[in-house]
file entry-v2.csv (CSV, C-alpha atoms and all ligand atoms)
chain,number,residue,atom,x,y,z
A,2,MET,CA,-65.8,81.9,19.5
A,3,GLY,CA,-63.9,81.2,16.3
A,4,LYS,CA,-60.4,81.1,17.8
A,5,TRP,CA,-61.2,78.5,20.4
A,6,ARG,CA,-63.8,76.5,18.5
A,7,GLN,CA,-61.7,73.3,18.5
A,8,GLU,CA,-61.2,73.4,22.3
A,9,LEU,CA,-64.9,74.2,22.8
A,10,GLU,CA,-65.9,71.3,20.6
A,11,GLU,CA,-63.5,69.0,22.3
A,12,ALA,CA,-64.9,70.0,25.7
A,13,ALA,CA,-68.5,69.5,24.5
A,14,TRP,CA,-67.5,66.0,23.2
A,15,VAL,CA,-65.8,65.0,26.5
A,16,LEU,CA,-68.7,66.3,28.5
A,17,SER,CA,-71.3,64.6,26.3
A,18,LYS,CA,-69.9,61.3,27.4
A,19,ALA,CA,-69.8,62.3,31.1
A,20,THR,CA,-72.4,61.3,33.8
A,21,ARG,CA,-70.5,62.3,37.0
A,22,ALA,CA,-68.9,65.6,35.9
A,23,THR,CA,-68.1,68.2,38.5
A,24,ALA,CA,-67.6,72.0,38.2
A,25,PHE,CA,-65.1,73.6,40.6
A,26,CYS,CA,-65.9,77.3,40.6
A,27,GLY,CA,-64.3,80.5,41.9
A,28,ALA,CA,-65.0,84.2,41.8
A,29,GLY,CA,-64.5,84.4,38.0
A,30,ILE,CA,-67.8,82.7,37.3
A,31,SER,CA,-69.6,85.6,39.1
A,32,ALA,CA,-67.5,88.3,37.4
A,33,GLU,CA,-70.1,88.6,34.7
A,34,SER,CA,-72.7,89.1,37.4
A,35,SER,CA,-70.8,92.3,38.3
A,36,ILE,CA,-69.2,90.8,41.4
A,37,PRO,CA,-65.5,91.7,41.4
A,38,THR,CA,-63.0,88.8,41.8
A,39,PHE,CA,-60.3,88.8,44.5
A,40,ARG,CA,-57.1,88.8,42.6
A,41,ASP,CA,-57.8,90.4,39.2
A,42,PRO,CA,-56.5,94.0,38.9
A,43,GLY,CA,-58.9,96.1,41.0
A,44,GLY,CA,-60.2,93.1,42.8
A,45,LEU,CA,-61.1,93.0,46.5
A,46,TRP,CA,-57.6,92.1,47.6
A,47,ASP,CA,-56.3,95.3,45.8
A,48,GLN,CA,-58.6,97.3,48.0
A,49,ILE,CA,-58.1,95.7,51.4
A,50,ASN,CA,-55.3,93.6,52.8
A,51,PRO,CA,-56.6,90.1,53.3
A,52,MET,CA,-54.1,89.6,56.1
A,53,GLU,CA,-55.7,92.6,57.9
A,54,ALA,CA,-59.4,92.3,57.1
A,55,GLY,CA,-59.7,88.7,55.9
A,56,THR,CA,-60.2,87.3,59.4
A,57,ALA,CA,-63.3,87.8,61.6
A,58,LYS,CA,-61.3,89.6,64.3
A,59,GLY,CA,-59.3,91.7,61.7
A,60,LEU,CA,-62.6,92.8,60.0
A,61,LEU,CA,-64.0,93.9,63.4
A,62,ARG,CA,-60.9,95.8,64.1
A,63,ALA,CA,-60.8,97.4,60.6
A,64,PHE,CA,-64.5,98.4,61.0
A,65,GLN,CA,-63.7,100.2,64.2
A,66,GLU,CA,-60.3,101.7,63.4
A,67,LYS,CA,-60.4,102.2,59.6
A,68,SER,CA,-64.1,102.8,59.0
A,69,ASP,CA,-63.2,105.5,56.4
A,70,ILE,CA,-61.7,102.8,54.2
A,71,ILE,CA,-63.8,99.7,55.0
A,72,VAL,CA,-67.3,101.2,55.1
A,73,PRO,CA,-67.2,102.6,51.5
A,74,ILE,CA,-65.8,99.2,50.3
A,75,LEU,CA,-68.6,97.4,52.2
A,76,MET,CA,-71.2,99.7,50.7
A,77,THR,CA,-70.0,99.1,47.1
A,78,MET,CA,-70.0,95.3,47.8
A,79,LEU,CA,-73.5,95.4,49.1
A,80,ASP,CA,-74.6,97.3,46.0
A,81,ARG,CA,-73.0,94.6,43.8
A,82,PHE,CA,-74.6,91.8,45.9
A,83,GLU,CA,-78.0,93.5,45.7
A,84,LYS,CA,-78.0,94.1,41.9
A,85,SER,CA,-76.3,90.9,40.8
A,86,GLU,CA,-78.2,88.1,39.0
A,87,PRO,CA,-77.1,84.6,37.9
A,88,ASN,CA,-75.3,84.9,34.5
A,89,ALA,CA,-75.2,82.6,31.5
A,90,GLY,CA,-72.4,80.6,33.1
A,91,HIS,CA,-74.4,79.8,36.2
A,92,VAL,CA,-77.4,78.9,34.1
A,93,ALA,CA,-75.4,76.7,31.8
A,94,LEU,CA,-74.2,74.7,34.8
A,95,SER,CA,-77.8,74.2,35.9
A,96,HIS,CA,-78.7,73.0,32.4
A,97,LEU,CA,-75.8,70.5,32.5
A,98,GLU,CA,-77.1,69.1,35.8
A,99,LYS,CA,-80.6,68.7,34.4
A,100,MET,CA,-79.1,66.9,31.3
A,101,GLY,CA,-77.6,64.3,33.6
A,102,ILE,CA,-74.0,65.3,32.8
A,103,LEU,CA,-73.0,67.4,35.7
A,104,LYS,CA,-73.3,65.7,39.1
A,105,THR,CA,-72.0,68.3,41.5
A,106,VAL,CA,-71.0,72.0,41.6
A,107,ILE,CA,-68.2,72.7,44.1
A,108,THR,CA,-67.9,76.4,44.6
A,109,GLN,CA,-65.7,78.8,46.6
A,110,ASN,CA,-68.3,81.5,46.0
A,111,ILE,CA,-70.5,82.8,48.8
A,112,ASP,CA,-72.9,84.8,46.6
A,113,ASN,CA,-75.8,82.3,46.4
A,114,LEU,CA,-75.9,82.7,42.6
A,115,HIS,CA,-75.5,78.9,41.7
A,116,GLU,CA,-78.6,78.1,43.9
A,117,GLU,CA,-80.5,80.9,42.3
A,118,ALA,CA,-79.6,79.6,38.8
A,119,GLY,CA,-81.2,76.3,39.8
A,120,THR,CA,-78.2,74.1,40.7
A,121,ASN,CA,-79.3,71.5,43.2
A,122,ASP,CA,-76.2,69.4,44.0
A,123,LEU,CA,-74.1,72.2,45.4
A,124,ILE,CA,-71.1,72.2,47.8
A,125,GLU,CA,-70.2,75.7,49.1
A,126,VAL,CA,-66.8,75.1,50.6
A,127,HIS,CA,-66.5,78.8,51.7
A,128,GLY,CA,-70.1,79.0,53.0
A,129,ASN,CA,-72.9,81.4,52.0
A,130,LEU,CA,-73.2,85.1,52.8
A,131,PHE,CA,-77.0,84.7,52.9
A,132,ARG,CA,-77.1,82.0,55.6
A,133,MET,CA,-76.9,83.2,59.2
A,134,HIS,CA,-75.2,81.1,61.8
A,135,CYS,CA,-76.0,81.7,65.6
A,136,LEU,CA,-72.8,82.1,67.5
A,137,SER,CA,-74.4,80.6,70.7
A,138,CYS,CA,-76.6,77.7,69.7
A,139,GLY,CA,-75.4,77.0,66.1
A,140,TRP,CA,-78.8,77.5,64.5
A,141,LYS,CA,-78.7,78.4,60.8
A,142,LYS,CA,-81.2,80.2,58.7
A,143,LYS,CA,-81.2,81.4,55.0
A,144,VAL,CA,-82.1,85.0,54.4
A,145,ASP,CA,-83.4,86.5,51.1
A,146,ARG,CA,-80.5,88.1,49.3
A,147,LYS,CA,-82.0,91.4,48.2
A,148,PRO,CA,-84.1,92.4,51.2
A,149,TYR,CA,-81.2,91.4,53.6
A,150,VAL,CA,-78.7,93.5,51.7
A,151,GLN,CA,-81.1,96.5,51.7
A,152,ALA,CA,-81.7,96.2,55.4
A,153,LEU,CA,-78.0,95.9,56.1
A,154,ARG,CA,-77.3,99.0,54.0
A,155,ASN,CA,-80.0,101.0,55.8
A,156,ARG,CA,-78.5,100.0,59.2
A,157,LEU,CA,-75.0,100.9,58.1
A,158,LEU,CA,-76.2,104.3,56.9
A,159,LYS,CA,-77.6,105.0,60.4
A,160,ILE,CA,-74.4,104.4,62.2
A,161,ALA,CA,-72.8,107.5,63.7
A,162,VAL,CA,-69.8,105.9,65.5
A,163,TYR,CA,-68.2,102.7,64.2
A,164,ASP,CA,-67.8,101.0,67.6
A,165,LEU,CA,-68.7,97.5,68.8
A,166,ASP,CA,-72.4,98.5,69.6
A,167,ALA,CA,-72.7,99.7,66.0
A,168,LEU,CA,-71.4,96.4,64.7
A,169,ILE,CA,-73.8,94.5,67.0
A,170,SER,CA,-76.7,96.6,65.5
A,171,LEU,CA,-75.9,95.1,62.1
A,172,ALA,CA,-76.3,91.4,63.2
A,173,VAL,CA,-79.5,89.4,62.6
A,174,GLU,CA,-80.8,87.9,65.9
A,175,CYS,CA,-81.2,84.2,66.3
A,176,ASP,CA,-84.8,83.1,66.1
A,177,GLN,CA,-84.1,80.2,68.6
A,178,CYS,CA,-82.1,81.8,71.4
A,179,GLY,CA,-82.0,85.6,70.6
A,180,SER,CA,-78.2,85.7,70.5
A,181,LEU,CA,-76.1,87.2,67.7
A,182,THR,CA,-75.6,85.5,64.3
A,183,ARG,CA,-73.0,86.1,61.7
A,184,PRO,CA,-73.0,85.2,58.0
A,185,ASP,CA,-72.0,81.5,57.6
A,186,VAL,CA,-68.9,82.2,55.5
A,187,VAL,CA,-65.3,81.0,55.9
A,188,MET,CA,-62.8,83.7,56.6
A,189,PHE,CA,-59.0,83.2,56.7
A,190,GLY,CA,-57.9,80.8,59.4
A,191,GLU,CA,-61.4,79.1,59.6
A,192,ALA,CA,-62.3,75.6,58.6
A,193,VAL,CA,-63.4,75.0,55.1
A,194,LYS,CA,-66.9,73.5,54.9
A,195,SER,CA,-68.0,70.0,53.6
A,196,LEU,CA,-64.4,69.1,52.7
A,197,PRO,CA,-64.9,65.3,52.7
A,198,GLN,CA,-67.9,65.7,50.4
A,199,ALA,CA,-65.9,68.0,48.1
A,200,PHE,CA,-63.0,65.6,47.9
A,201,ASP,CA,-65.4,62.7,47.4
A,202,ALA,CA,-67.2,64.5,44.5
A,203,SER,CA,-63.8,65.3,43.0
A,204,ILE,CA,-62.5,61.8,43.1
A,205,GLN,CA,-65.8,60.3,41.8
A,206,SER,CA,-65.9,62.7,38.8
A,207,ASP,CA,-65.3,61.6,35.2
A,208,VAL,CA,-64.7,65.2,34.1
A,209,MET,CA,-63.9,68.3,36.2
A,210,MET,CA,-64.5,71.8,34.8
A,211,VAL,CA,-62.4,74.4,36.6
A,212,LEU,CA,-64.2,77.7,36.2
A,213,GLY,CA,-63.0,81.2,37.1
A,214,THR,CA,-60.6,80.3,39.9
A,215,SER,CA,-56.9,81.3,40.3
A,216,GLY,CA,-56.1,78.2,42.3
A,217,ALA,CA,-54.4,80.3,45.0
A,218,VAL,CA,-56.3,79.1,48.0
A,219,PHE,CA,-56.0,75.6,49.6
A,220,PRO,CA,-57.3,73.1,50.3
A,221,ALA,CA,-59.9,74.0,47.6
A,222,ALA,CA,-57.2,74.4,45.0
A,223,SER,CA,-56.3,70.7,45.4
A,224,PHE,CA,-59.7,69.4,44.1
A,225,PRO,CA,-58.6,69.4,40.4
A,226,VAL,CA,-55.4,67.6,41.3
A,227,GLU,CA,-57.2,64.9,43.2
A,228,ALA,CA,-59.8,64.5,40.4
A,229,LYS,CA,-57.0,64.2,37.8
A,230,LYS,CA,-55.2,61.6,39.9
A,231,ALA,CA,-58.4,59.6,40.1
A,232,GLY,CA,-58.8,59.6,36.3
A,233,ALA,CA,-60.9,62.7,35.5
A,234,LYS,CA,-60.4,64.9,32.4
A,235,ILE,CA,-59.7,68.5,33.5
A,236,ILE,CA,-61.3,71.3,31.4
A,237,VAL,CA,-60.2,74.8,32.5
A,238,ILE,CA,-62.2,77.9,31.4
A,239,ASN,CA,-60.5,81.0,32.5
A,240,PRO,CA,-59.4,84.1,30.4
A,241,THR,CA,-55.9,84.0,32.0
A,242,GLU,CA,-53.8,80.9,32.9
A,243,ASN,CA,-54.2,79.8,36.5
A,244,GLY,CA,-52.5,77.5,38.9
A,245,PHE,CA,-53.8,74.3,37.2
A,246,THR,CA,-51.8,74.3,34.0
A,247,HIS,CA,-49.9,71.2,35.1
A,248,CYS,CA,-53.1,69.1,35.3
A,249,THR,CA,-55.2,70.6,32.5
A,250,ASP,CA,-56.4,68.5,29.5
A,251,ILE,CA,-58.4,71.2,27.7
A,252,TYR,CA,-57.7,74.9,28.3
A,253,ILE,CA,-60.2,77.5,27.0
A,254,PRO,CA,-59.0,81.1,27.6
A,255,MET,CA,-62.5,82.6,27.5
A,256,LYS,CA,-65.1,84.0,29.9
A,257,ALA,CA,-67.2,81.3,31.5
A,258,GLY,CA,-70.4,83.1,30.5
A,259,ASP,CA,-69.4,82.9,26.8
A,260,ALA,CA,-67.9,79.4,26.7
A,261,LEU,CA,-70.4,77.4,28.8
A,262,PRO,CA,-73.6,78.3,26.9
A,263,PHE,CA,-71.8,77.4,23.6
A,264,ILE,CA,-70.7,74.0,25.0
A,265,VAL,CA,-74.2,73.3,26.3
A,266,GLU,CA,-75.7,74.1,22.9
A,267,LYS,CA,-73.1,72.0,21.1
A,268,ILE,CA,-74.0,69.0,23.4
A,269,LYS,CA,-77.7,69.5,22.9
A,270,LYS,CA,-77.2,69.5,19.1
A,271,SER,CA,-75.0,66.4,19.1
A,272,THR,CA,-77.4,64.4,21.3
A,273,GLU,CA,-80.4,65.4,19.1
A,274,LYS,CA,-78.5,64.1,16.0
A,275,GLN,CA,-78.0,60.7,17.8
A,276,ILE,CA,-81.7,60.4,18.5
B,1,LIG,P1,-59.5,84.8,42.3
B,1,LIG,O1,-59.8,86.3,42.3
B,1,LIG,O2,-58.3,84.4,43.0
B,1,LIG,O3,-59.5,84.3,40.8
B,1,LIG,C1,-60.5,84.6,39.9
B,1,LIG,C2,-60.1,83.9,38.6
B,1,LIG,O4,-61.3,84.1,37.7
B,1,LIG,C3,-58.9,84.5,37.9
B,1,LIG,O5,-58.0,83.5,37.5
B,1,LIG,C4,-59.5,85.3,36.7
B,1,LIG,O6,-58.6,85.2,35.6
B,1,LIG,C5,-60.8,84.4,36.4
B,1,LIG,N1,-61.9,85.2,35.7
B,1,LIG,C6,-62.1,86.5,35.7
B,1,LIG,N2,-63.2,86.7,35.0
B,1,LIG,C7,-63.7,85.5,34.5
B,1,LIG,C8,-64.8,85.1,33.7
B,1,LIG,N3,-65.7,86.0,33.2
B,1,LIG,N4,-64.9,83.8,33.4
B,1,LIG,C9,-64.0,82.9,33.9
B,1,LIG,N5,-62.9,83.2,34.7
B,1,LIG,C10,-62.8,84.5,35.0
B,1,LIG,O7,-60.8,84.1,43.0
B,1,LIG,P2,-60.9,82.7,43.6
B,1,LIG,O8,-60.0,81.7,42.9
B,1,LIG,O9,-62.4,82.3,43.7
B,1,LIG,O10,-61.6,82.9,49.9
B,1,LIG,O11,-60.3,82.9,45.0
B,1,LIG,C11,-60.3,81.8,45.9
B,1,LIG,C12,-60.6,82.3,47.3
B,1,LIG,O12,-59.7,83.4,47.6
B,1,LIG,C13,-61.9,82.9,47.5
B,1,LIG,O13,-63.0,82.0,47.7
B,1,LIG,C14,-61.7,83.7,48.8
B,1,LIG,C15,-60.4,84.4,48.4
B,1,LIG,O14,-59.6,84.7,49.5
B,1,LIG,C16,-62.0,83.3,51.1
B,1,LIG,O15,-62.4,84.4,51.3
B,1,LIG,C17,-61.9,82.2,52.2
B,2,ZN,ZN,-79.2,80.7,68.7
call {"tool": "encode", "arguments": {"input": "entry-v2.csv", "output": "structure tokens", "more": "lines below"}}
Ligand code: OAD
Ligand code: ZN
result
Amino acid sequence: MGKWRQELEEAAWVLSKATRATAFCGAGISAESSIPTFRDPGGLWDQINPMEAGTAKGLLRAFQEKSDIIVPILMTMLDRFEKSEPNAGHVALSHLEKMGILKTVITQNIDNLHEEAGTNDLIEVHGNLFRMHCLSCGWKKKVDRKPYVQALRNRLLKIAVYDLDALISLAVECDQCGSLTRPDVVMFGEAVKSLPQAFDASIQSDVMMVLGTSGAVFPAASFPVEAKKAGAKIIVINPTENGFTHCTDIYIPMKAGDALPFIVEKIKKSTEKQI
């Protein structure tokens, strides 16, 4: 903590005055929940080519033609998604919301961990892996993360030939019309979700915390720029510098799960003193 104490204290002070702060999050905030990021060394995009398997069609093709590569990666990801729990960073955000400081969390993550940590005002711009979306009637339904992952893994293990029928056997059926559903996530080339709400929250914010995102993917990466233009202070917490250096007011090169609980404690102590 010592090295960045001044930056942490400054962030705590700025946040203690805020009432409409936002957090804009990426894969880095779930790294301490053992879910690998995309672009760090050894991340998902080191293992599979996003141009090949990052689209719905590409993933279907890779499943059928490169199952020897894709299936072990899927198995490892399922394992991580099953075992992960919200970490101290997710929990600190939920505390900041309850303290009336943080208004909205805008996340690019699809892992459901913000919701499980207790965040209420949540915009998931890339969707949620644990919400199914019917391809015919549009019906949506949340599934429980751990039982869903276990069932999916069991079905995957039973597959002998990785063809279209095998893929269909993995899908959850729609309760309304019996058609196939798919996880309600945004893949490359698909529309980002709740974009107007996310821009609105960004522009309304008095402080934006940018947590664990490289800033490589648009339009999400433009939220901090829009927030800054509208007058927000930008606090970046990320062990390595990211694409937001030009609009950052306070930069804390730490893990979110170390920095955020410290900041929350600091705010709690300073408000107690005032009372
Ligand atoms: P990236 O993998 O691009 O960036 C993760 C960032 O988190 C990096 O800058 C890391 O330095 C940082 N990081 C790692 N561990 C951290 C920790 N413990 N605390 C704080 N920061 C940490 O992930 P995203 O920016 O989320 O989109 O990627 C954006 C989008 O690209 C994803 O939503 C996904 C991907 O393609 C889709 O799939 C549509
Ligand atoms: Zn349906």
call {"tool": "residues_near_ligand", "arguments": {"input": "entry-v2.csv", "ligand": "ligand ZN 2 (chain B)", "cutoff": "7 Å", "atoms": "all atoms listed in the file", "output": "MDAnalysis selection string"}}
result
chainID A and resid 135:140 175:180
call {"tool": "residues_near_ligand", "arguments": {"input": "entry-v2.csv", "ligand": "ligand LIG 1 (chain B)", "cutoff": "7 Å", "atoms": "all atoms listed in the file", "output": "MDAnalysis selection string"}}
result
chainID A and resid 26:30 32:33 38:41 44 55 109:110 127 187:189 212:218 238:243 255:258
call {"tool": "residues_near_point", "arguments": {"input": "entry-v2.csv", "point": "(-53.7, 74.9, 32.4)", "cutoff": "10 Å", "atoms": "all atoms listed in the file", "output": "list in words"}}
result
Val211, Ile235, Ile236, Val237, Ile238, Asn239, Thr241, Glu242, Asn243, Gly244, Phe245, Thr246, His247, Cys248, Thr249, Asp250, Ile251, Tyr252, Ile253 and Pro254 of chain A
call {"tool": "closest_residue", "arguments": {"input": "entry-v2.csv", "among": "A:Ala63, A:Leu79, A:Val126, A:Ile36", "to": "Phe200 (chain A)", "atoms": "all atoms listed in the file"}}
result
A:Val126
call {"tool": "closest_residue", "arguments": {"input": "entry-v2.csv", "among": "A:Met133, A:Val106, A:Ala93, A:Ile71", "to": "Lys267 (chain A)", "atoms": "only C-alpha atoms"}}
result
A:Ala93
call {"tool": "closest_residue", "arguments": {"input": "entry-v2.csv", "among": "A:Ile102, A:Val193, A:Ala57, A:Met76", "to": "Ile124 (chain A)", "atoms": "only C-alpha atoms"}}
result
A:Val193
call {"tool": "residues_near_point", "arguments": {"input": "entry-v2.csv", "point": "(-69.4, 64.3, 19.4)", "cutoff": "9 Å", "atoms": "only C-alpha atoms", "output": "ChimeraX atom specification"}}
result
/A:10-11,13-15,17-18,267-268,271-272
call {"tool": "build_atoms", "arguments": {"input": "entry-v2.csv", "residues": "region 29-40 of chain A", "atoms": "all heavy atoms", "output": "PDB file, in the coordinates of the input"}}
result
ATOM      1  N   GLY A  29     -64.390  84.062  39.427  1.00  0.00           N
ATOM      2  CA  GLY A  29     -64.500  84.400  38.000  1.00  0.00           C
ATOM      3  C   GLY A  29     -65.844  84.087  37.397  1.00  0.00           C
ATOM      4  O   GLY A  29     -66.290  84.769  36.473  1.00  0.00           O
ATOM      5  N   ILE A  30     -66.519  83.048  37.922  1.00  0.00           N
ATOM      6  CA  ILE A  30     -67.800  82.700  37.300  1.00  0.00           C
ATOM      7  C   ILE A  30     -68.886  83.737  37.660  1.00  0.00           C
ATOM      8  O   ILE A  30     -69.889  83.874  36.971  1.00  0.00           O
ATOM      9  CB  ILE A  30     -68.280  81.257  37.626  1.00  0.00           C
ATOM     10  CG1 ILE A  30     -69.386  80.852  36.642  1.00  0.00           C
ATOM     11  CG2 ILE A  30     -68.703  81.085  39.063  1.00  0.00           C
ATOM     12  CD1 ILE A  30     -69.601  79.399  36.472  1.00  0.00           C
ATOM     13  N   SER A  31     -68.651  84.508  38.722  1.00  0.00           N
ATOM     14  CA  SER A  31     -69.600  85.600  39.100  1.00  0.00           C
ATOM     15  C   SER A  31     -69.168  86.943  38.583  1.00  0.00           C
ATOM     16  O   SER A  31     -69.872  87.932  38.796  1.00  0.00           O
ATOM     17  CB  SER A  31     -69.822  85.604  40.597  1.00  0.00           C
ATOM     18  OG  SER A  31     -70.495  84.438  41.014  1.00  0.00           O
ATOM     19  N   ALA A  32     -68.000  87.009  37.922  1.00  0.00           N
ATOM     20  CA  ALA A  32     -67.500  88.300  37.400  1.00  0.00           C
ATOM     21  C   ALA A  32     -68.498  88.924  36.454  1.00  0.00           C
ATOM     22  O   ALA A  32     -68.718  90.139  36.447  1.00  0.00           O
ATOM     23  CB  ALA A  32     -66.133  88.142  36.790  1.00  0.00           C
ATOM     24  N   GLU A  33     -69.128  88.050  35.638  1.00  0.00           N
ATOM     25  CA  GLU A  33     -70.100  88.600  34.700  1.00  0.00           C
ATOM     26  C   GLU A  33     -71.449  88.888  35.301  1.00  0.00           C
ATOM     27  O   GLU A  33     -72.362  89.339  34.617  1.00  0.00           O
ATOM     28  CB  GLU A  33     -70.258  87.564  33.512  1.00  0.00           C
ATOM     29  CG  GLU A  33     -69.005  87.497  32.653  1.00  0.00           C
ATOM     30  CD  GLU A  33     -68.867  86.173  31.929  1.00  0.00           C
ATOM     31  OE1 GLU A  33     -69.415  86.050  30.840  1.00  0.00           O
ATOM     32  OE2 GLU A  33     -68.217  85.261  32.489  1.00  0.00           O
ATOM     33  N   SER A  34     -71.557  88.669  36.610  1.00  0.00           N
ATOM     34  CA  SER A  34     -72.700  89.100  37.400  1.00  0.00           C
ATOM     35  C   SER A  34     -72.338  90.413  38.124  1.00  0.00           C
ATOM     36  O   SER A  34     -72.986  90.770  39.120  1.00  0.00           O
ATOM     37  CB  SER A  34     -73.196  88.068  38.348  1.00  0.00           C
ATOM     38  OG  SER A  34     -73.615  86.916  37.670  1.00  0.00           O
ATOM     39  N   SER A  35     -71.249  91.026  37.697  1.00  0.00           N
ATOM     40  CA  SER A  35     -70.800  92.300  38.300  1.00  0.00           C
ATOM     41  C   SER A  35     -70.238  92.184  39.701  1.00  0.00           C
ATOM     42  O   SER A  35     -70.207  93.178  40.422  1.00  0.00           O
ATOM     43  CB  SER A  35     -71.839  93.390  38.247  1.00  0.00           C
ATOM     44  OG  SER A  35     -72.272  93.595  36.951  1.00  0.00           O
ATOM     45  N   ILE A  36     -69.861  90.977  40.115  1.00  0.00           N
ATOM     46  CA  ILE A  36     -69.200  90.800  41.400  1.00  0.00           C
ATOM     47  C   ILE A  36     -67.721  90.719  41.189  1.00  0.00           C
ATOM     48  O   ILE A  36     -67.281  89.782  40.523  1.00  0.00           O
ATOM     49  CB  ILE A  36     -69.771  89.613  42.199  1.00  0.00           C
ATOM     50  CG1 ILE A  36     -71.286  89.780  42.411  1.00  0.00           C
ATOM     51  CG2 ILE A  36     -69.056  89.448  43.540  1.00  0.00           C
ATOM     52  CD1 ILE A  36     -71.962  88.620  43.098  1.00  0.00           C
ATOM     53  N   PRO A  37     -66.943  91.690  41.682  1.00  0.00           N
ATOM     54  CA  PRO A  37     -65.500  91.700  41.400  1.00  0.00           C
ATOM     55  C   PRO A  37     -64.816  90.431  41.981  1.00  0.00           C
ATOM     56  O   PRO A  37     -65.239  89.934  43.027  1.00  0.00           O
ATOM     57  CB  PRO A  37     -64.951  92.943  41.994  1.00  0.00           C
ATOM     58  CG  PRO A  37     -66.049  93.557  42.770  1.00  0.00           C
ATOM     59  CD  PRO A  37     -67.315  92.808  42.537  1.00  0.00           C
ATOM     60  N   THR A  38     -63.768  89.957  41.309  1.00  0.00           N
ATOM     61  CA  THR A  38     -63.000  88.800  41.800  1.00  0.00           C
ATOM     62  C   THR A  38     -62.065  89.326  42.936  1.00  0.00           C
ATOM     63  O   THR A  38     -62.076  90.507  43.284  1.00  0.00           O
ATOM     64  CB  THR A  38     -62.204  88.139  40.719  1.00  0.00           C
ATOM     65  OG1 THR A  38     -61.255  89.075  40.223  1.00  0.00           O
ATOM     66  CG2 THR A  38     -63.108  87.663  39.595  1.00  0.00           C
ATOM     67  N   PHE A  39     -61.252  88.431  43.473  1.00  0.00           N
ATOM     68  CA  PHE A  39     -60.300  88.800  44.500  1.00  0.00           C
ATOM     69  C   PHE A  39     -58.992  89.288  43.997  1.00  0.00           C
ATOM     70  O   PHE A  39     -58.442  90.288  44.437  1.00  0.00           O
ATOM     71  CB  PHE A  39     -60.081  87.618  45.489  1.00  0.00           C
ATOM     72  CG  PHE A  39     -61.317  87.213  46.231  1.00  0.00           C
ATOM     73  CD1 PHE A  39     -62.169  86.237  45.726  1.00  0.00           C
ATOM     74  CD2 PHE A  39     -61.647  87.815  47.431  1.00  0.00           C
ATOM     75  CE1 PHE A  39     -63.321  85.878  46.394  1.00  0.00           C
ATOM     76  CE2 PHE A  39     -62.799  87.468  48.113  1.00  0.00           C
ATOM     77  CZ  PHE A  39     -63.641  86.486  47.591  1.00  0.00           C
ATOM     78  N   ARG A  40     -58.451  88.542  43.009  1.00  0.00           N
ATOM     79  CA  ARG A  40     -57.100  88.800  42.600  1.00  0.00           C
ATOM     80  C   ARG A  40     -56.855  89.373  41.254  1.00  0.00           C
ATOM     81  O   ARG A  40     -55.722  89.583  40.847  1.00  0.00           O
ATOM     82  CB  ARG A  40     -56.270  87.431  42.738  1.00  0.00           C
ATOM     83  CG  ARG A  40     -56.189  86.953  44.163  1.00  0.00           C
ATOM     84  CD  ARG A  40     -55.523  85.603  44.337  1.00  0.00           C
ATOM     85  NE  ARG A  40     -55.581  85.230  45.742  1.00  0.00           N
ATOM     86  CZ  ARG A  40     -56.634  84.699  46.351  1.00  0.00           C
ATOM     87  NH1 ARG A  40     -57.740  84.453  45.677  1.00  0.00           N
ATOM     88  NH2 ARG A  40     -56.611  84.426  47.652  1.00  0.00           N
TER      89      ARG A  40
END
